[in-house]
Amino acid sequence: MEEEETDYKRIREIGQGGFGKCFLVEDKNQDEYVEKIINLENSTKEEVAKALREVNILQSIDDCYYITKFIESRFKNKKLKIFLEYVIGGDLQKKIYEQKKIGEKNYFEENQIILWMIQICYAVSILHENNIIHRDIKPSNLLLTNDNKIKVTDFGLSTTDNQYVSKTIAGTFAYTAPEVLDGEKYDKKVDSWSIGITLLELCTLETPKQMKIIRTLSKGGEISIPNCYSDILKKVLKMSLQLEPKDRSTVKEIFELVRNYRLSKLNINISDKELENILKKFSRKNKNSIIKKNMKIKLGIYSGEVDQEGKRNGIGIYKNIYKDVYEGEWKNDKSEGKGINKWENGAVYEGEFKNGKYEGKAIYKYSNGDEYEGEFKNGKREGKGIYKYSDGDVYEGEFKNGKSEGKGIYKYSNGDVYECEFKNDKSEGKGIYKYSNGEVFEGEFKNDKRKKGIIKYPDGKTENYFNQNV
């Protein structure tokens with residue numbers, strides 16, 4: 001058994017391969033992460049350099065939602081341990097398998113495929129902007145969140161790009177570009193090919209036959225997909241699956257095509273009146289700033305103030321491919337200052353932002369009817385606040401890292417009142433529980449349960465309490 005890190009608790013093994021093993025772990029706040037262990041005991045200098053390169057790449061890309069977030073790395077006893085965010089929804093390979101099991105010709109909806117392609121291409125284009133080639137794009141390396149969004153992962157075969165890289169063969173055969181298989185020099189466009197093959201698999205639900213595809217293309221044939229899909233997906237396949245790299249589109253070109261197509265179907269253009277109202281609402285400060293209207297940027301469109309470099313600076317409106325909307329202040333292309341986020345599912349955040357994240361005082365109305373009014377830090381509830389549940393329960397007190405932590409009062413809809421210390425969303429420490437029938441427990445709590453204390457009954461009687469199982 002591998003030695004555990006003292007500040008992480010291992011839950012279970014979730015994968016293994018030539019690199020080593022992966023474990024699901026949790027920290028002291030019970031937040032879950034992935035621990036990837038690479039055993040370098042008998043490794044060559046090249047293998048060690050490769051492992052360290054993966055860490056460097058992960059560290060350099062920390063501002064893209066669609067790329068697995070790097071937490072930290074540690075090197076001990078000739079083992080490299082990389083800690084990453086845990087993505088709960090499995091991977092795209094599993095999703096394809098599950099879709100295929102439903103029955104013959106039960107294909108994914110085109111809109112879903114387009115959304116996935118936008119997310120994949122956006123993430124990979126960010127890598128390319130940072131001169132990184134992934135080299136192993138495939139469904140099993142595309143994780144899914146619980147709301148069905150993509151997270152690109154596994155940078156073990158990634159490399160930096162200096163226009164053309166060496167003839168090193170890397171990747172998974174079925175998704176690898178022809179020039180790599182032929183031992184030729186190659187560039188970022190190898191990822192375009194892999195994305196095309198991944199799209200083909202999403203459309204057909206069949207594992208691609210690489211050599212058959214290459215033979216078909218070499219004879220001037222076209223790669224076919226089910227008739228239920230429109231020309232946009234066929235165009236993406238044609239752009240990405242070209243035998244000659246010079247004829248193949250870049251990932252950025254593919255991204256812009258599918259993003260623009262999605263935006264054209266949503267009809268979410270921002271009217272002049274809409275923009276005028278927002279500029280007034282948020283007290284436009286620089287009347288001489290440049291105004292751009294319906295500018296396509298990242299995953300949506302923007303109308304509002306920009307600087308000389310075209311970055312969002314000032315007041316503006318942003319609508320994305322999911323129909324989510326942000327209205328408010330911007331700084332250096334990120335939401336900063338006062339603003340309102342409105343999600344398609346009905347959730348609304350109104351308050352302060354910093355560097356693109358919730359920071360400061362705000363009101364967050366959740367889509368399930370819950371409401372939080374209080375302080376945020378780094379995108380999470382932190383500080384003093386009030387959380388009102390849709391069922392009538394109310395928690396008022398301190399929060400940390402998104403969870404109730406510190407002193408607080410929990411008022412149940414049935415009249416019970418819980419006044420004590422909280423840790424990780426559970427009662428922990430000294431406190432008082434007042435029942436609606438007049439009974440009172442005063443003492444210590446652990447893991448949301450009474451541990452020891454005194455029970456005071458409505459008739460005046462008292463009883464010592466001790467729970468040895470807590």
# chains A, B, ... in the order shown; residues from 1 in each chain; ligands from 1

$ select_by_dssp --residues "stretch 55-147 of chain A" --states "helix (DSSP H, G or I)" --output "PyMOL selection string"
chain A and resi 55-60+92-102+110-129+139-141

$ atom_distance --atom1 "atom CA of A:Phe282" --atom2 "atom CA of A:Lys298"
23.3 Å

$ closest_atom_pairs --of "stretch 275-369 of chain A" --to "stretch 375-387 of chain A" --cutoff "12 Å" --atoms "only C-alpha atoms" --output "Markdown table"
| residue | atom | partner | partner_atom | distance |
| --- | --- | --- | --- | --- |
| A:Ser335 | CA | A:Gly379 | CA | 11.9 |
| A:Tyr349 | CA | A:Phe376 | CA | 11.0 |
| A:Glu350 | CA | A:Phe376 | CA | 11.4 |
| A:Gly351 | CA | A:Phe376 | CA | 9.4 |
| A:Glu352 | CA | A:Phe376 | CA | 8.5 |
| A:Phe353 | CA | A:Gly379 | CA | 8.5 |
| A:Lys354 | CA | A:Asn378 | CA | 8.0 |
| A:Asn355 | CA | A:Asn378 | CA | 8.8 |
| A:Gly356 | CA | A:Gly379 | CA | 8.6 |
| A:Lys357 | CA | A:Gly379 | CA | 4.8 |
| A:Tyr358 | CA | A:Gly379 | CA | 4.3 |
| A:Glu359 | CA | A:Lys377 | CA | 4.6 |
| A:Gly360 | CA | A:Phe376 | CA | 5.1 |
| A:Lys361 | CA | A:Glu375 | CA | 4.5 |
| A:Ala362 | CA | A:Glu375 | CA | 6.3 |
| A:Ile363 | CA | A:Glu375 | CA | 8.7 |
| A:Tyr364 | CA | A:Tyr387 | CA | 9.4 |
| A:Lys365 | CA | A:Tyr387 | CA | 10.0 |
| A:Tyr366 | CA | A:Tyr387 | CA | 10.7 |
| A:Gly369 | CA | A:Tyr387 | CA | 11.1 |

$ write_last_selection --atoms "N, CA and C atoms" --output "JSON list (two decimals), in the first residue's frame"
[["chain", "number", "residue", "atom", "x", "y", "z"],
["A", 335, "SER", "N", -14.91, 40.06, -14.94],
["A", 335, "SER", "CA", -15.89, 40.77, -14.13],
["A", 335, "SER", "C", -15.22, 41.25, -12.85],
["A", 349, "TYR", "N", -27.03, 35.93, -9.08],
["A", 349, "TYR", "CA", -26.06, 36.47, -8.12],
["A", 349, "TYR", "C", -25.96, 37.97, -8.36],
["A", 350, "GLU", "N", -26.17, 38.74, -7.30],
["A", 350, "GLU", "CA", -26.07, 40.19, -7.41],
["A", 350, "GLU", "C", -25.15, 40.70, -6.30],
["A", 351, "GLY", "N", -24.03, 41.29, -6.70],
["A", 351, "GLY", "CA", -23.09, 41.76, -5.70],
["A", 351, "GLY", "C", -21.76, 42.15, -6.30],
["A", 352, "GLU", "N", -20.71, 41.85, -5.57],
["A", 352, "GLU", "CA", -19.37, 42.27, -5.96],
["A", 352, "GLU", "C", -18.55, 41.12, -6.57],
["A", 353, "PHE", "N", -17.68, 41.51, -7.51],
["A", 353, "PHE", "CA", -16.80, 40.56, -8.19],
["A", 353, "PHE", "C", -15.36, 41.05, -8.09],
["A", 354, "LYS", "N", -14.44, 40.10, -8.18],
["A", 354, "LYS", "CA", -13.02, 40.45, -8.26],
["A", 354, "LYS", "C", -12.31, 39.37, -9.06],
["A", 355, "ASN", "N", -11.61, 39.81, -10.11],
["A", 355, "ASN", "CA", -10.84, 38.88, -10.96],
["A", 355, "ASN", "C", -11.72, 37.75, -11.49],
["A", 356, "GLY", "N", -12.96, 38.08, -11.82],
["A", 356, "GLY", "CA", -13.86, 37.09, -12.42],
["A", 356, "GLY", "C", -14.57, 36.19, -11.43],
["A", 357, "LYS", "N", -14.40, 36.44, -10.13],
["A", 357, "LYS", "CA", -15.01, 35.58, -9.11],
["A", 357, "LYS", "C", -15.82, 36.41, -8.13],
["A", 358, "TYR", "N", -16.75, 35.74, -7.43],
["A", 358, "TYR", "CA", -17.53, 36.41, -6.41],
["A", 358, "TYR", "C", -16.60, 36.82, -5.27],
["A", 359, "GLU", "N", -16.67, 38.09, -4.90],
["A", 359, "GLU", "CA", -15.78, 38.56, -3.82],
["A", 359, "GLU", "C", -16.42, 39.80, -3.19],
["A", 360, "GLY", "N", -16.81, 39.68, -1.92],
["A", 360, "GLY", "CA", -17.44, 40.79, -1.23],
["A", 360, "GLY", "C", -18.88, 40.44, -0.86],
["A", 361, "LYS", "N", -19.68, 41.46, -0.61],
["A", 361, "LYS", "CA", -21.06, 41.26, -0.19],
["A", 361, "LYS", "C", -21.97, 41.03, -1.40],
["A", 362, "ALA", "N", -22.92, 40.11, -1.22],
["A", 362, "ALA", "CA", -23.80, 39.79, -2.34],
["A", 362, "ALA", "C", -25.03, 39.04, -1.87],
["A", 363, "ILE", "N", -25.99, 38.93, -2.79],
["A", 363, "ILE", "CA", -27.16, 38.07, -2.60],
["A", 363, "ILE", "C", -27.16, 37.04, -3.72],
["A", 364, "TYR", "N", -27.25, 35.78, -3.36],
["A", 364, "TYR", "CA", -27.28, 34.70, -4.35],
["A", 364, "TYR", "C", -28.61, 33.96, -4.20],
["A", 365, "LYS", "N", -29.41, 34.02, -5.25],
["A", 365, "LYS", "CA", -30.67, 33.29, -5.28],
["A", 365, "LYS", "C", -30.49, 32.05, -6.15],
["A", 366, "TYR", "N", -30.58, 30.89, -5.52],
["A", 366, "TYR", "CA", -30.33, 29.62, -6.21],
["A", 366, "TYR", "C", -31.57, 29.16, -6.97],
["A", 369, "GLY", "N", -34.57, 27.63, -5.10],
["A", 369, "GLY", "CA", -35.34, 28.44, -4.16],
["A", 369, "GLY", "C", -34.57, 28.87, -2.93]]

$ residues_around --residues "A:Lys388" --least-positions-apart "4" --cutoff "6 Å" --atoms "only C-alpha atoms" --output "list of chain:residue names"
A:Asp370, A:Glu371, A:Val394

$ residues_around --residues "stretch 121-129 of chain A" --least-positions-apart "2" --cutoff "8 Å" --atoms "only C-alpha atoms" --output "tab-separated table (two decimals) with C-alpha atoms, in the first residue's frame"
chain	number	residue	atom	x	y	z
A	61	ILE	CA	-2.89	26.72	-17.18
A	64	CYS	CA	-9.63	27.89	-17.84
A	66	TYR	CA	-12.62	23.51	-19.13
A	67	ILE	CA	-9.17	22.24	-18.13
A	117	MET	CA	-17.14	20.60	-29.24
A	118	ILE	CA	-17.15	24.27	-28.25
A	119	GLN	CA	-15.84	23.39	-24.78
A	131	ASN	CA	2.40	26.76	-26.93
A	132	ILE	CA	1.24	23.42	-25.52
A	133	ILE	CA	0.20	20.44	-27.67
A	134	HIS	CA	-1.94	17.94	-25.79
A	152	VAL	CA	-9.74	18.27	-20.52
A	188	LYS	CA	-0.45	21.83	-33.00
A	191	ASP	CA	-4.82	18.02	-31.85
A	195	ILE	CA	-10.72	16.34	-32.05
A	251	VAL	CA	-8.33	24.22	-33.30
A	252	LYS	CA	-9.06	27.94	-32.91
A	254	ILE	CA	-12.84	25.01	-35.49
A	255	PHE	CA	-13.78	26.62	-32.17
A	298	LYS	CA	-14.60	33.60	-25.76

$ closest_residue --among "A:Asp459, A:Glu98, A:Asp425, A:Glu329" --to "A:Asn437" --atoms "only C-alpha atoms"
A:Asp459
